[in-house]
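One file, run-v8.tsv, carrying TSV, C-alpha atoms:
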chain	number	residue	atom	x	y	z
A	300	MET	CA	-30.04	-33.36	-3.56
A	301	LYS	CA	-26.93	-31.26	-3.07
A	302	LEU	CA	-24.19	-32.42	-0.73
A	303	LYS	CA	-24.74	-29.57	1.78
A	304	GLN	CA	-28.45	-30.37	1.98
A	305	LEU	CA	-27.67	-34.09	2.42
A	306	GLN	CA	-25.27	-33.29	5.27
A	307	GLU	CA	-27.82	-31.06	7.00
A	308	THR	CA	-30.57	-33.68	6.71
A	309	ILE	CA	-28.29	-36.42	8.04
A	310	ASP	CA	-27.06	-34.19	10.88
A	311	ARG	CA	-30.61	-33.30	11.90
A	312	THR	CA	-31.64	-36.97	11.77
A	313	ILE	CA	-28.70	-38.06	13.93
A	314	LYS	CA	-29.66	-35.46	16.54
A	315	GLU	CA	-33.33	-36.55	16.46
A	316	VAL	CA	-32.42	-40.21	16.85
A	317	TRP	CA	-29.96	-39.46	19.66
A	318	THR	CA	-32.43	-37.33	21.64
A	319	GLU	CA	-35.67	-39.22	20.93
A	320	LYS	CA	-35.03	-42.86	20.03
A	321	ILE	CA	-31.90	-43.74	21.99
A	322	PRO	CA	-33.25	-42.57	25.38
A	323	TYR	CA	-36.36	-44.68	24.80
A	324	ASP	CA	-34.24	-47.70	23.89
A	325	TYR	CA	-32.13	-47.15	27.02
A	326	GLN	CA	-35.13	-46.80	29.33
A	327	SER	CA	-36.71	-49.89	27.76
A	328	HIS	CA	-33.53	-51.93	28.43
A	329	TYR	CA	-32.73	-52.52	24.74
A	330	LEU	CA	-29.16	-51.30	25.24
A	331	LEU	CA	-26.84	-53.64	27.09
A	332	MET	CA	-23.33	-52.57	26.07
A	333	GLU	CA	-21.63	-50.32	23.52
A	334	ASP	CA	-22.34	-52.59	20.57
A	335	SER	CA	-26.07	-52.58	21.24
A	336	LEU	CA	-25.94	-48.78	21.33
A	337	LYS	CA	-24.16	-48.72	17.96
A	338	ASN	CA	-26.67	-51.20	16.57
A	339	ALA	CA	-29.63	-49.16	17.79
A	340	LEU	CA	-28.20	-45.97	16.31
A	341	TYR	CA	-27.53	-47.78	13.01
A	342	PHE	CA	-31.05	-49.24	12.94
A	343	HIS	CA	-32.81	-45.94	13.64
A	344	LEU	CA	-30.69	-44.03	11.12
A	345	ARG	CA	-31.28	-46.62	8.39
A	346	THR	CA	-35.00	-46.58	9.12
A	347	LYS	CA	-35.40	-42.79	9.16
A	348	LEU	CA	-33.08	-42.17	6.20
A	349	ARG	CA	-34.27	-45.06	3.99
A	350	ASN	CA	-35.50	-42.89	1.09
A	351	LEU	CA	-32.52	-40.55	1.24
A	352	ILE	CA	-30.11	-43.52	1.31
A	353	ASP	CA	-31.69	-45.17	-1.70
A	354	SER	CA	-32.07	-42.06	-3.83
A	355	ASN	CA	-28.61	-40.58	-3.12
A	356	ASN	CA	-26.35	-43.63	-3.04
A	357	ILE	CA	-25.62	-43.17	0.68
A	358	ARG	CA	-24.41	-46.00	2.91
A	359	ILE	CA	-24.12	-46.32	6.67
A	360	TYR	CA	-21.38	-48.61	7.90
A	361	PRO	CA	-21.25	-49.68	11.57
A	362	GLU	CA	-17.45	-49.84	11.36
A	363	TYR	CA	-15.14	-48.22	8.83
A	364	HIS	CA	-11.36	-48.40	8.45
A	365	TYR	CA	-9.42	-45.74	6.56
A	366	LYS	CA	-5.64	-45.77	6.57
A	367	TYR	CA	-4.72	-45.82	10.28
A	368	TYR	CA	-8.14	-44.67	11.47
A	369	LYS	CA	-11.21	-46.56	12.57
A	370	ALA	CA	-14.69	-45.04	12.82
A	371	ASP	CA	-17.37	-46.72	14.90
A	372	LEU	CA	-19.98	-45.41	12.47
A	373	ALA	CA	-19.49	-43.95	9.00
A	374	ILE	CA	-22.03	-42.36	6.68
A	375	VAL	CA	-20.66	-42.17	3.16
A	376	LYS	CA	-21.80	-41.22	-0.30
A	377	LEU	CA	-20.68	-43.80	-2.82
A	378	ASN	CA	-19.13	-42.87	-6.12
A	379	ASP	CA	-21.90	-42.42	-8.70
A	380	TYR	CA	-20.04	-44.78	-11.04
A	381	LEU	CA	-19.56	-47.57	-8.54
A	382	GLY	CA	-19.93	-50.92	-10.25
A	383	LYS	CA	-20.17	-49.45	-13.74
A	384	LYS	CA	-17.58	-49.86	-16.44
A	385	ALA	CA	-15.85	-46.73	-17.59
A	386	THR	CA	-16.48	-45.96	-21.25
Can the structure in the file be given as structure tokens, please?
Amino acid sequence: MKLKQLQETIDRTIKEVWTEKIPYDYQSHYLLMEDSLKNALYFHLRTKLRNLIDSNNIRIYPEYHYKYYKADLAIVKLNDYLGKKAT
């Protein structure tokens, strides 16, 4: 799958989770504080994107540090050669 198509699929899934799953979790008292919201978002994204994650070397991190920045949630595509020796 091309990068643009991956981004569009992930974007659409985030919006679906945010508008459909998170309100249900909130109304059902699953969300107590910010961390439970992050965990719920992470759970629903991992569940809905399972096949895409596995087939495209995508990872979702609930916290990500880069230089002087910190993201509460990061969705990244790993290097295709991660863990392989260069020849």
Any idea what's packed within 12 Å of range 376-379 of chain A, counting only C-alpha atoms, ignoring anything in its chain fewer than 4 positions away? Could you give it as a JSON list (two decimals) with C-alpha atoms, in the coordinates of the input?
[["chain", "number", "residue", "atom", "x", "y", "z"],
["A", 300, "MET", "CA", -30.04, -33.36, -3.56],
["A", 301, "LYS", "CA", -26.93, -31.26, -3.07],
["A", 302, "LEU", "CA", -24.19, -32.42, -0.73],
["A", 305, "LEU", "CA", -27.67, -34.09, 2.42],
["A", 306, "GLN", "CA", -25.27, -33.29, 5.27],
["A", 309, "ILE", "CA", -28.29, -36.42, 8.04],
["A", 351, "LEU", "CA", -32.52, -40.55, 1.24],
["A", 352, "ILE", "CA", -30.11, -43.52, 1.31],
["A", 353, "ASP", "CA", -31.69, -45.17, -1.70],
["A", 354, "SER", "CA", -32.07, -42.06, -3.83],
["A", 355, "ASN", "CA", -28.61, -40.58, -3.12],
["A", 356, "ASN", "CA", -26.35, -43.63, -3.04],
["A", 357, "ILE", "CA", -25.62, -43.17, 0.68],
["A", 358, "ARG", "CA", -24.41, -46.00, 2.91],
["A", 359, "ILE", "CA", -24.12, -46.32, 6.67],
["A", 360, "TYR", "CA", -21.38, -48.61, 7.90],
["A", 383, "LYS", "CA", -20.17, -49.45, -13.74],
["A", 384, "LYS", "CA", -17.58, -49.86, -16.44],
["A", 385, "ALA", "CA", -15.85, -46.73, -17.59]]
Hey, what's within 12 Å of Glu315 in chain A if we count only C-alpha atoms and toss same-chain stuff fewer than 3 positions away? As a PDB file with C-alpha atoms, in the frame of the given file, please?
ATOM      1  CA  THR A 308     -30.570 -33.680   6.710  1.00  0.00           C
ATOM      2  CA  ILE A 309     -28.290 -36.420   8.040  1.00  0.00           C
ATOM      3  CA  ASP A 310     -27.060 -34.190  10.880  1.00  0.00           C
ATOM      4  CA  ARG A 311     -30.610 -33.300  11.900  1.00  0.00           C
ATOM      5  CA  THR A 312     -31.640 -36.970  11.770  1.00  0.00           C
ATOM      6  CA  THR A 318     -32.430 -37.330  21.640  1.00  0.00           C
ATOM      7  CA  GLU A 319     -35.670 -39.220  20.930  1.00  0.00           C
ATOM      8  CA  LYS A 320     -35.030 -42.860  20.030  1.00  0.00           C
ATOM      9  CA  ILE A 321     -31.900 -43.740  21.990  1.00  0.00           C
ATOM     10  CA  PRO A 322     -33.250 -42.570  25.380  1.00  0.00           C
ATOM     11  CA  LEU A 340     -28.200 -45.970  16.310  1.00  0.00           C
ATOM     12  CA  HIS A 343     -32.810 -45.940  13.640  1.00  0.00           C
ATOM     13  CA  LEU A 344     -30.690 -44.030  11.120  1.00  0.00           C
ATOM     14  CA  LYS A 347     -35.400 -42.790   9.160  1.00  0.00           C
ATOM     15  CA  LEU A 348     -33.080 -42.170   6.200  1.00  0.00           C
TER      16      LEU A 348
END
What is the distance between CA of Tyr363 in chain A and CA of Lys314 in chain A, in Å to one decimal? 20.8 Å
Go ahead and fit an axis-aligned box to every listed atom of range 336-342 of chain A plus 6 Å each side, and pass me the centre and edge lengths in Å, one decimal, as AutoDock Vina command-line options.
--center_x -27.6 --center_y -48.6 --center_z 17.1 --size_x 18.9 --size_y 17.2 --size_z 20.4
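Here CA of Asp334 in chain A stands at a distance of 9.5 Å from CA of Pro361 in chain A.
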